[in-house]
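Structure record follows, encoded as structure tokens.
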Amino acid sequence: MAEIHETAIVYPGTILGEGVKVLEGAVVGKQPTLSPRSTAKREPLPPAEIGDGTIVSTGAVLFAGSRLGARVILGDQACVRERVTIGDDVVVGRGSLVENDTTIGAMTKIQAGAYITAYSTLEEHVFIAPCVVTSNDNFMGRTERRHDLIEGPTIRRGARVGAGAVLCPAIEIGEEAFVGAGAVVTKDVPARKLVVGNPARILRDVPDDELLES
Amino acid sequence: MAEIHETAIVYPGTILGEGVKVLEGAVVGKQPTLSPRSTAKREPLPPAEIGDGTIVSTGAVLFAGSRLGARVILGDQACVRERVTIGDDVVVGRGSLVENDTTIGAMTKIQAGAYITAYSTLEEHVFIAPCVVTSNDNFMGRTERRHDLIEGPTIRRGARVGAGAVLCPAIEIGEEAFVGAGAVVTKDVPARKLVVGNPARILRDVPDDELLES
Amino acid sequence: MAEIHETAIVYPGTILGEGVKVLEGAVVGKQPTLSPRSTAKREPLPPAEIGDGTIVSTGAVLFAGSRLGARVILGDQACVRERVTIGDDVVVGRGSLVENDTTIGAMTKIQAGAYITAYSTLEEHVFIAPCVVTSNDNFMGRTERRHDLIEGPTIRRGARVGAGAVLCPAIEIGEEAFVGAGAVVTKDVPARKLVVGNPARILRDVPDDELLES
């Protein structure tokens with residue numbers, strides 16, 4: 001049984017796991033209302049699917065065509081767009097946005113106010129600190145060839161991205177890498193390296209005792 | 001005919017064009033409830049006006065005293081304050097805020113999570129990437145003379161501002177200029193120049209094939 | 001008498017002062033629905049308390065266990081978590097988030113889109129510009145010892161933090177100090193100093209005519 005607050009809206013067809021909670025004013029399973037100028041795809045979308053024990057918090061919005069795993073927390077006032085796949089035990093923090101066509105691995109934690117652009121890949125055990133900004137379009141809406149070149153970040157297993165950091169389009173953050181708070185990342189970050197600054201540069205290795213296996 | 005979701009609120013007097021849609025939980029035409037300490041003006045506000053085909057998305061808030069053109073998309077959970085004028089075919093991305101007394105030209109696109117401060121001017125065909133931050137008060141609330149000096153950015157036709165960039169108060173971004181992701185812009189940017197860094201410096205010209213006319 | 005919009009939710013037990021207004025779709029006094037992995041405390045929470053003349057704006061969320069002083073403005077779509085104490089005449093701007101276990105002194109102004117992390121202290125007359133980012137965990141979710149080391153910023157009386165600035169964990173911003181827009185603050189800022197850049201460095205003293213007493 002799911003528990004849906006009387007002020008929440010869950011569109012017909014949505015698949016709700018055991019023990020799902022949908023809190024005050026949340027909207028689940030809405031179809032996109034695209035701009036004529038949007039680059040997003042337009043095929044009809046299947047209903048949203050929500051795994052066992054997942055919570056869609058107050059004022060959050062979840063689009064049709066996306067799947068949340070089990071025990072996910074979609075925070076207050078957060079938003080997950082269409083064609084997103086989110087693994088088990090993920091947190092999407094308050095007010096964060098996960099754009100369309102993005103994949104997020106199990107155990108990944110996205111803190112409050114983060115922006116995950118379209119066509120992103122976040123693997124498992126990734127940590128996205130508050131207010132991280134990602135991007136996918138070096139041309140910012142110009143040229144026709146941009147449509148073929150749009151690419152979000154790839155953030156590998158166990159990587160951590162610090163508060164307010166900005167990732168340029170198509171950046172890869174290596175396994176267990178660490179991006180310092182406020183860094184502006186203009187090129188790929190190798191595995192287990194720590195980067196800081198604008199533009200971000202390598203400062204040192206991530207200490208062993210902060211690795212996932214330790 | 002406008003299409004207003006049953007959970008949306010549209011205050012009396014609001015002028016709605018043909019084919020306007022107001023989605024779940026949106027609030028349209030609300031009067032401001034100002035702080036005693038706010039510097040915003042206090043005259044009575046006329047109703048909001050919304051042009052043909054415009055969409056006010058889920059959970060968005062549009063104040064009285066503002067006008068949206070035709071075919072505008074006001075994204076989910078976005079907010080547009082009072083005395084704002086927005087041209088045709090503009091997008092205000094999910095969660096973005098457009099503060100009071102701001103003018104936005106036709107075809108301008110403001111992506112998700114951007115902050116457009118009060119007393120800003122954005123001309124036509126401007127591109128504001130996600131989570132751009134603007135400002136208008138060098139004194140941050142101190143001194144009496146600040147009231148005469150408050151000035152938001154002027155962003156000229158076709159300029160593009162990258163993800164997470166920060167504009168200091170009263171900055172002018174020239175026509176077709178390009179501000180790189182994460183740049184902190186402390187002085188005006190000449191037309192067609194590309195700037196990056198903190199503080200932002202000129203790196204090169206914007207390539208011809210990225211200009212509006214190309 | 002409080003004035004509660006018919007679409008707002010005020011949970012039973014909430015203490016509402018004289019002249020409190022709760023606007024459209026706001027949710028007041030909700031109990032947290034924590035992630036199993038959250039580091040927040042779990043004791044049962046007393047009701048929220050709201051002082052005389054305070055406004056909880058459209059779509060805002062206020063948790064149980066927090067107290068707002070008199071004449072506070074909690075802006076549209078903002079959120080205040082549990083065990084937060086907010087003094088009189090404070091503004092929490094539109095869309096801002098104040099995380100749990102935070103204290104905010106009287107007359108402090110937090111502008112739109114700011115992120116105030118858990119376990120923060122903001123004293124009186126602090127000015128937080130739009131989209132400021134704070135943080136409290138140098139380990140970003142790794143190591144067991146991080147739980148003892150989590151510490152938000154301490155922002156002293158009259159300090160000002162500029163638009164889009166990022167504060168690393170446990171930073172102290174001294175009395176009347178000034179952090180420039182877009183600065184990334186990696187160490188404490190002495191009283192009355194002005195810092196800019198990434199990493200932030202001292203540029204000069206704050207001018208006398210911008211001090212609180214002038």
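Going by the structure tokens order, chains are called A, B, ..., each with residues numbered from 1, while ligands are numbered from 1 in the order shown.
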At most 8 Å to chain C: residues in chain B, only C-alpha atoms, as an mmCIF file with C-alpha atoms, in the first residue's frame:
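part35.cif, freshly written:
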data_model
loop_
_atom_site.group_PDB
_atom_site.id
_atom_site.type_symbol
_atom_site.label_atom_id
_atom_site.label_comp_id
_atom_site.auth_asym_id
_atom_site.auth_seq_id
_atom_site.Cartn_x
_atom_site.Cartn_y
_atom_site.Cartn_z
ATOM 1 C CA GLY B 25 -0.616 24.180 -7.959
ATOM 2 C CA VAL B 27 -0.411 30.687 -8.423
ATOM 3 C CA SER B 35 8.800 43.106 4.075
ATOM 4 C CA GLY B 59 4.008 25.048 -8.764
ATOM 5 C CA VAL B 61 4.267 31.675 -9.059
ATOM 6 C CA GLN B 77 8.463 25.828 -9.550
ATOM 7 C CA TYR B 115 18.538 34.130 -10.483
ATOM 8 C CA VAL B 133 23.540 34.411 -10.526
ATOM 9 C CA THR B 134 23.087 38.143 -10.998
ATOM 10 C CA SER B 135 23.224 40.981 -8.460
ATOM 11 C CA PHE B 139 26.582 47.697 -0.716
ATOM 12 C CA MET B 140 24.563 44.627 0.252
ATOM 13 C CA GLY B 141 22.026 46.494 2.286
ATOM 14 C CA ARG B 142 24.273 49.163 3.826
ATOM 15 C CA THR B 143 24.401 52.959 3.371
ATOM 16 C CA VAL B 166 28.093 35.192 -11.289
ATOM 17 C CA LEU B 167 27.584 38.770 -12.473
ATOM 18 C CA CYS B 168 28.514 41.636 -10.154
ATOM 19 C CA VAL B 184 32.753 35.735 -11.963
ATOM 20 C CA ASN B 198 37.427 34.520 -11.452
ATOM 21 C CA PRO B 199 37.691 37.414 -12.011
#
Moved coordinates, chain B onto chain C, all Cα atoms, as a PDB file with C-alpha atoms, in the first residue's frame:
ATOM      1  CA  MET B   1      -5.681  35.942  14.783  1.00  0.00           C
ATOM      2  CA  ALA B   2      -3.678  34.268  12.042  1.00  0.00           C
ATOM      3  CA  GLU B   3      -4.708  34.344   8.396  1.00  0.00           C
ATOM      4  CA  ILE B   4      -4.266  30.972   6.718  1.00  0.00           C
ATOM      5  CA  HIS B   5      -4.968  30.504   3.035  1.00  0.00           C
ATOM      6  CA  GLU B   6      -7.418  27.708   2.327  1.00  0.00           C
ATOM      7  CA  THR B   7      -4.800  25.804   0.318  1.00  0.00           C
ATOM      8  CA  ALA B   8      -2.153  26.017   3.057  1.00  0.00           C
ATOM      9  CA  ILE B   9      -1.578  23.256   5.593  1.00  0.00           C
ATOM     10  CA  VAL B  10      -0.833  24.088   9.214  1.00  0.00           C
ATOM     11  CA  TYR B  11      -0.277  20.983  11.309  1.00  0.00           C
ATOM     12  CA  PRO B  12      -2.060  20.714  14.658  1.00  0.00           C
ATOM     13  CA  GLY B  13      -0.200  22.118  17.615  1.00  0.00           C
ATOM     14  CA  THR B  14       1.594  24.829  15.645  1.00  0.00           C
ATOM     15  CA  ILE B  15       1.792  28.027  17.684  1.00  0.00           C
ATOM     16  CA  LEU B  16       0.814  31.029  15.593  1.00  0.00           C
ATOM     17  CA  GLY B  17       1.339  34.606  16.784  1.00  0.00           C
ATOM     18  CA  GLU B  18      -0.934  37.547  16.220  1.00  0.00           C
ATOM     19  CA  GLY B  19      -1.264  38.595  12.600  1.00  0.00           C
ATOM     20  CA  VAL B  20       0.636  35.644  11.165  1.00  0.00           C
ATOM     21  CA  LYS B  21      -0.096  34.998   7.494  1.00  0.00           C
ATOM     22  CA  VAL B  22       0.307  31.640   5.776  1.00  0.00           C
ATOM     23  CA  LEU B  23      -0.044  31.975   2.018  1.00  0.00           C
ATOM     24  CA  GLU B  24      -1.120  29.687  -0.835  1.00  0.00           C
ATOM     25  CA  GLY B  25       0.047  26.101  -0.652  1.00  0.00           C
ATOM     26  CA  ALA B  26       2.463  26.639   2.233  1.00  0.00           C
ATOM     27  CA  VAL B  27       3.045  23.732   4.638  1.00  0.00           C
ATOM     28  CA  VAL B  28       3.764  24.572   8.272  1.00  0.00           C
ATOM     29  CA  GLY B  29       4.819  22.262  11.072  1.00  0.00           C
ATOM     30  CA  LYS B  30       5.515  19.112   9.107  1.00  0.00           C
ATOM     31  CA  GLN B  31       7.513  16.358  10.770  1.00  0.00           C
ATOM     32  CA  PRO B  32      10.669  15.287   8.926  1.00  0.00           C
ATOM     33  CA  THR B  33      10.624  12.090   6.885  1.00  0.00           C
ATOM     34  CA  LEU B  34      14.291  11.238   7.191  1.00  0.00           C
ATOM     35  CA  SER B  35      16.398   9.006   5.010  1.00  0.00           C
ATOM     36  CA  PRO B  36      17.780   5.965   6.828  1.00  0.00           C
ATOM     37  CA  ARG B  37      21.198   7.393   5.896  1.00  0.00           C
ATOM     38  CA  SER B  38      20.622  10.914   7.206  1.00  0.00           C
ATOM     39  CA  THR B  39      22.915  12.196   9.927  1.00  0.00           C
ATOM     40  CA  ALA B  40      20.139  14.349  11.436  1.00  0.00           C
ATOM     41  CA  LYS B  41      18.936  13.647  14.960  1.00  0.00           C
ATOM     42  CA  ARG B  42      15.734  11.666  15.441  1.00  0.00           C
ATOM     43  CA  GLU B  43      14.074  12.714  18.690  1.00  0.00           C
ATOM     44  CA  PRO B  44      10.370  13.589  18.505  1.00  0.00           C
ATOM     45  CA  LEU B  45       9.847  17.198  17.501  1.00  0.00           C
ATOM     46  CA  PRO B  46       7.704  19.781  19.227  1.00  0.00           C
ATOM     47  CA  PRO B  47       5.374  21.897  17.080  1.00  0.00           C
ATOM     48  CA  ALA B  48       6.632  24.863  15.080  1.00  0.00           C
ATOM     49  CA  GLU B  49       6.263  28.313  16.661  1.00  0.00           C
ATOM     50  CA  ILE B  50       5.719  31.463  14.623  1.00  0.00           C
ATOM     51  CA  GLY B  51       5.968  34.970  16.067  1.00  0.00           C
ATOM     52  CA  ASP B  52       3.622  37.928  15.634  1.00  0.00           C
ATOM     53  CA  GLY B  53       3.327  39.411  12.188  1.00  0.00           C
ATOM     54  CA  THR B  54       5.397  36.741  10.467  1.00  0.00           C
ATOM     55  CA  ILE B  55       4.573  35.727   6.900  1.00  0.00           C
ATOM     56  CA  VAL B  56       5.007  32.235   5.477  1.00  0.00           C
ATOM     57  CA  SER B  57       4.767  32.848   1.755  1.00  0.00           C
ATOM     58  CA  THR B  58       3.429  30.872  -1.179  1.00  0.00           C
ATOM     59  CA  GLY B  59       4.612  27.281  -1.393  1.00  0.00           C
ATOM     60  CA  ALA B  60       7.017  27.635   1.543  1.00  0.00           C
ATOM     61  CA  VAL B  61       7.707  24.720   3.891  1.00  0.00           C
ATOM     62  CA  LEU B  62       8.407  25.076   7.614  1.00  0.00           C
ATOM     63  CA  PHE B  63       9.246  21.989   9.639  1.00  0.00           C
ATOM     64  CA  ALA B  64       8.180  21.134  13.151  1.00  0.00           C
ATOM     65  CA  GLY B  65      10.683  21.814  15.901  1.00  0.00           C
ATOM     66  CA  SER B  66      11.605  25.266  14.613  1.00  0.00           C
ATOM     67  CA  ARG B  67      10.817  28.753  15.862  1.00  0.00           C
ATOM     68  CA  LEU B  68      10.422  31.887  13.783  1.00  0.00           C
ATOM     69  CA  GLY B  69      10.512  35.258  15.554  1.00  0.00           C
ATOM     70  CA  ALA B  70       8.225  38.220  14.978  1.00  0.00           C
ATOM     71  CA  ARG B  71       7.881  39.969  11.638  1.00  0.00           C
ATOM     72  CA  VAL B  72       9.885  37.312   9.818  1.00  0.00           C
ATOM     73  CA  ILE B  73       9.364  36.891   6.084  1.00  0.00           C
ATOM     74  CA  LEU B  74       9.736  33.311   4.892  1.00  0.00           C
ATOM     75  CA  GLY B  75       9.759  33.862   1.127  1.00  0.00           C
ATOM     76  CA  ASP B  76       7.880  32.061  -1.613  1.00  0.00           C
ATOM     77  CA  GLN B  77       8.987  28.452  -2.147  1.00  0.00           C
ATOM     78  CA  ALA B  78      11.552  28.701   0.680  1.00  0.00           C
ATOM     79  CA  CYS B  79      12.141  25.936   3.213  1.00  0.00           C
ATOM     80  CA  VAL B  80      13.186  25.898   6.865  1.00  0.00           C
ATOM     81  CA  ARG B  81      14.092  22.546   8.351  1.00  0.00           C
ATOM     82  CA  GLU B  82      13.732  21.245  11.919  1.00  0.00           C
ATOM     83  CA  ARG B  83      15.399  22.625  15.071  1.00  0.00           C
ATOM     84  CA  VAL B  84      16.036  26.021  13.508  1.00  0.00           C
ATOM     85  CA  THR B  85      15.755  29.218  15.547  1.00  0.00           C
ATOM     86  CA  ILE B  86      15.171  32.436  13.630  1.00  0.00           C
ATOM     87  CA  GLY B  87      15.165  35.844  15.351  1.00  0.00           C
ATOM     88  CA  ASP B  88      12.873  38.816  14.837  1.00  0.00           C
ATOM     89  CA  ASP B  89      12.722  40.756  11.574  1.00  0.00           C
ATOM     90  CA  VAL B  90      14.629  38.151   9.589  1.00  0.00           C
ATOM     91  CA  VAL B  91      14.036  37.620   5.868  1.00  0.00           C
ATOM     92  CA  VAL B  92      14.555  34.197   4.310  1.00  0.00           C
ATOM     93  CA  GLY B  93      14.412  34.876   0.589  1.00  0.00           C
ATOM     94  CA  ARG B  94      12.430  33.107  -2.075  1.00  0.00           C
ATOM     95  CA  GLY B  95      13.535  29.534  -2.635  1.00  0.00           C
ATOM     96  CA  SER B  96      16.212  29.591   0.064  1.00  0.00           C
ATOM     97  CA  LEU B  97      16.793  26.602   2.318  1.00  0.00           C
ATOM     98  CA  VAL B  98      17.780  26.785   5.973  1.00  0.00           C
ATOM     99  CA  GLU B  99      18.861  23.319   7.062  1.00  0.00           C
ATOM    100  CA  ASN B 100      18.342  21.743  10.487  1.00  0.00           C
ATOM    101  CA  ASP B 101      19.984  22.821  13.754  1.00  0.00           C
ATOM    102  CA  THR B 102      20.753  26.337  12.604  1.00  0.00           C
ATOM    103  CA  THR B 103      20.442  29.630  14.481  1.00  0.00           C
ATOM    104  CA  ILE B 104      19.802  32.961  12.770  1.00  0.00           C
ATOM    105  CA  GLY B 105      19.979  36.255  14.660  1.00  0.00           C
ATOM    106  CA  ALA B 106      17.555  39.162  14.507  1.00  0.00           C
ATOM    107  CA  MET B 107      17.561  41.531  11.522  1.00  0.00           C
ATOM    108  CA  THR B 108      19.520  39.097   9.366  1.00  0.00           C
ATOM    109  CA  LYS B 109      18.569  39.039   5.712  1.00  0.00           C
ATOM    110  CA  ILE B 110      19.001  35.943   3.572  1.00  0.00           C
ATOM    111  CA  GLN B 111      18.215  36.717  -0.019  1.00  0.00           C
ATOM    112  CA  ALA B 112      16.784  34.421  -2.673  1.00  0.00           C
ATOM    113  CA  GLY B 113      18.186  31.025  -3.538  1.00  0.00           C
ATOM    114  CA  ALA B 114      20.683  30.795  -0.688  1.00  0.00           C
ATOM    115  CA  TYR B 115      21.674  27.522   0.928  1.00  0.00           C
ATOM    116  CA  ILE B 116      22.311  27.593   4.686  1.00  0.00           C
ATOM    117  CA  THR B 117      23.696  24.234   5.710  1.00  0.00           C
ATOM    118  CA  ALA B 118      22.916  22.305   8.898  1.00  0.00           C
ATOM    119  CA  TYR B 119      24.623  23.387  12.134  1.00  0.00           C
ATOM    120  CA  SER B 120      25.162  26.968  10.985  1.00  0.00           C
ATOM    121  CA  THR B 121      25.227  30.082  13.135  1.00  0.00           C
ATOM    122  CA  LEU B 122      24.316  33.434  11.635  1.00  0.00           C
ATOM    123  CA  GLU B 123      24.385  36.268  14.129  1.00  0.00           C
ATOM    124  CA  GLU B 124      22.410  39.529  13.943  1.00  0.00           C
ATOM    125  CA  HIS B 125      22.368  41.946  11.009  1.00  0.00           C
ATOM    126  CA  VAL B 126      24.036  39.462   8.692  1.00  0.00           C
ATOM    127  CA  PHE B 127      23.427  39.897   4.966  1.00  0.00           C
ATOM    128  CA  ILE B 128      23.442  36.808   2.738  1.00  0.00           C
ATOM    129  CA  ALA B 129      23.191  37.733  -0.926  1.00  0.00           C
ATOM    130  CA  PRO B 130      21.332  35.607  -3.476  1.00  0.00           C
ATOM    131  CA  CYS B 131      22.508  32.061  -4.147  1.00  0.00           C
ATOM    132  CA  VAL B 132      25.190  31.934  -1.461  1.00  0.00           C
ATOM    133  CA  VAL B 133      26.309  28.352  -0.783  1.00  0.00           C
ATOM    134  CA  THR B 134      27.519  27.071   2.571  1.00  0.00           C
ATOM    135  CA  SER B 135      28.803  23.627   3.574  1.00  0.00           C
ATOM    136  CA  ASN B 136      29.578  21.597   6.677  1.00  0.00           C
ATOM    137  CA  ASP B 137      31.307  18.345   5.737  1.00  0.00           C
ATOM    138  CA  ASN B 138      34.886  18.228   4.446  1.00  0.00           C
ATOM    139  CA  PHE B 139      34.535  14.497   3.947  1.00  0.00           C
ATOM    140  CA  MET B 140      31.368  14.603   1.849  1.00  0.00           C
ATOM    141  CA  GLY B 141      29.833  11.536   3.365  1.00  0.00           C
ATOM    142  CA  ARG B 142      32.971   9.431   3.878  1.00  0.00           C
ATOM    143  CA  THR B 143      34.733   8.213   7.048  1.00  0.00           C
ATOM    144  CA  GLU B 144      33.150   7.682  10.432  1.00  0.00           C
ATOM    145  CA  ARG B 145      34.977  10.545  12.066  1.00  0.00           C
ATOM    146  CA  ARG B 146      33.169  13.041   9.841  1.00  0.00           C
ATOM    147  CA  HIS B 147      30.151  12.808  12.153  1.00  0.00           C
ATOM    148  CA  ASP B 148      32.153  14.468  14.922  1.00  0.00           C
ATOM    149  CA  LEU B 149      33.609  17.059  12.581  1.00  0.00           C
ATOM    150  CA  ILE B 150      30.533  18.315  10.752  1.00  0.00           C
ATOM    151  CA  GLU B 151      30.380  22.056  11.290  1.00  0.00           C
ATOM    152  CA  GLY B 152      28.604  24.764   9.370  1.00  0.00           C
ATOM    153  CA  PRO B 153      29.732  28.373   9.074  1.00  0.00           C
ATOM    154  CA  THR B 154      29.729  30.924  11.870  1.00  0.00           C
ATOM    155  CA  ILE B 155      28.842  34.282  10.394  1.00  0.00           C
ATOM    156  CA  ARG B 156      29.353  37.100  12.845  1.00  0.00           C
ATOM    157  CA  ARG B 157      27.273  40.205  13.445  1.00  0.00           C
ATOM    158  CA  GLY B 158      26.950  42.508  10.485  1.00  0.00           C
ATOM    159  CA  ALA B 159      28.946  40.365   8.071  1.00  0.00           C
ATOM    160  CA  ARG B 160      27.932  40.362   4.421  1.00  0.00           C
ATOM    161  CA  VAL B 161      28.386  37.494   1.960  1.00  0.00           C
ATOM    162  CA  GLY B 162      28.117  38.270  -1.761  1.00  0.00           C
ATOM    163  CA  ALA B 163      26.027  36.674  -4.480  1.00  0.00           C
ATOM    164  CA  GLY B 164      27.029  33.150  -5.425  1.00  0.00           C
ATOM    165  CA  ALA B 165      29.858  32.984  -2.893  1.00  0.00           C
ATOM    166  CA  VAL B 166      30.771  29.519  -1.585  1.00  0.00           C
ATOM    167  CA  LEU B 167      31.882  28.923   2.003  1.00  0.00           C
ATOM    168  CA  CYS B 168      33.898  25.805   2.821  1.00  0.00           C
ATOM    169  CA  PRO B 169      32.930  23.896   5.982  1.00  0.00           C
ATOM    170  CA  ALA B 170      33.416  25.405   9.442  1.00  0.00           C
ATOM    171  CA  ILE B 171      34.398  28.845   8.113  1.00  0.00           C
ATOM    172  CA  GLU B 172      34.073  31.844  10.394  1.00  0.00           C
ATOM    173  CA  ILE B 173      33.216  35.148   8.755  1.00  0.00           C
ATOM    174  CA  GLY B 174      34.216  37.916  11.163  1.00  0.00           C
ATOM    175  CA  GLU B 175      32.083  40.845  12.328  1.00  0.00           C
ATOM    176  CA  GLU B 176      31.273  43.285   9.557  1.00  0.00           C
ATOM    177  CA  ALA B 177      33.439  41.354   7.083  1.00  0.00           C
ATOM    178  CA  PHE B 178      32.518  41.385   3.397  1.00  0.00           C
ATOM    179  CA  VAL B 179      32.809  38.425   1.040  1.00  0.00           C
ATOM    180  CA  GLY B 180      32.736  39.485  -2.614  1.00  0.00           C
ATOM    181  CA  ALA B 181      30.383  37.975  -5.167  1.00  0.00           C
ATOM    182  CA  GLY B 182      31.537  34.584  -6.418  1.00  0.00           C
ATOM    183  CA  ALA B 183      34.324  34.225  -3.858  1.00  0.00           C
ATOM    184  CA  VAL B 184      35.226  30.731  -2.660  1.00  0.00           C
ATOM    185  CA  VAL B 185      36.115  31.057   1.007  1.00  0.00           C
ATOM    186  CA  THR B 186      38.596  28.406   2.160  1.00  0.00           C
ATOM    187  CA  LYS B 187      39.706  29.948   5.456  1.00  0.00           C
ATOM    188  CA  ASP B 188      38.332  32.264   8.114  1.00  0.00           C
ATOM    189  CA  VAL B 189      37.772  35.901   7.197  1.00  0.00           C
ATOM    190  CA  PRO B 190      38.888  38.430   9.845  1.00  0.00           C
ATOM    191  CA  ALA B 191      36.503  41.097  11.091  1.00  0.00           C
ATOM    192  CA  ARG B 192      35.998  44.092   8.773  1.00  0.00           C
ATOM    193  CA  LYS B 193      38.100  42.603   5.976  1.00  0.00           C
ATOM    194  CA  LEU B 194      36.877  42.341   2.401  1.00  0.00           C
ATOM    195  CA  VAL B 195      37.802  39.176   0.486  1.00  0.00           C
ATOM    196  CA  VAL B 196      37.415  38.204  -3.174  1.00  0.00           C
ATOM    197  CA  GLY B 197      38.486  35.418  -5.539  1.00  0.00           C
ATOM    198  CA  ASN B 198      38.907  31.660  -5.688  1.00  0.00           C
ATOM    199  CA  PRO B 199      40.405  30.949  -3.237  1.00  0.00           C
ATOM    200  CA  ALA B 200      39.302  34.126  -1.467  1.00  0.00           C
ATOM    201  CA  ARG B 201      42.069  36.505  -0.380  1.00  0.00           C
ATOM    202  CA  ILE B 202      41.953  39.768   1.555  1.00  0.00           C
ATOM    203  CA  LEU B 203      41.691  42.782  -0.729  1.00  0.00           C
ATOM    204  CA  ARG B 204      41.134  45.657   1.717  1.00  0.00           C
ATOM    205  CA  ASP B 205      39.216  46.836   4.776  1.00  0.00           C
ATOM    206  CA  VAL B 206      35.487  47.422   4.705  1.00  0.00           C
ATOM    207  CA  PRO B 207      34.949  51.207   4.451  1.00  0.00           C
ATOM    208  CA  ASP B 208      33.789  52.945   7.617  1.00  0.00           C
ATOM    209  CA  ASP B 209      30.634  54.276   5.997  1.00  0.00           C
ATOM    210  CA  GLU B 210      29.427  50.721   5.360  1.00  0.00           C
ATOM    211  CA  LEU B 211      29.650  49.646   8.987  1.00  0.00           C
ATOM    212  CA  LEU B 212      26.495  49.064  10.986  1.00  0.00           C
ATOM    213  CA  GLU B 213      27.054  51.927  13.381  1.00  0.00           C
ATOM    214  CA  SER B 214      27.643  54.538  10.684  1.00  0.00           C
TER     215      SER B 214
END
**OP:** Enumerate, as a ChimeraX atom specification, the complete set of residues in chain B that a backbone-based DSSP assignment places in alpha helix (DSSP H).
**Re:** /B:146-149
Subject >> Sel. of strand (DSSP E) residues, segment 90-201 of chain B, as a VMD selection string >> reply: chain B and resid 91 to 92 97 to 98 103 to 104 109 to 110 115 to 116 121 to 122 127 to 128 154 to 155 160 to 161 166 to 167 172 to 173 178 to 179 184 to 185 193 to 196 201
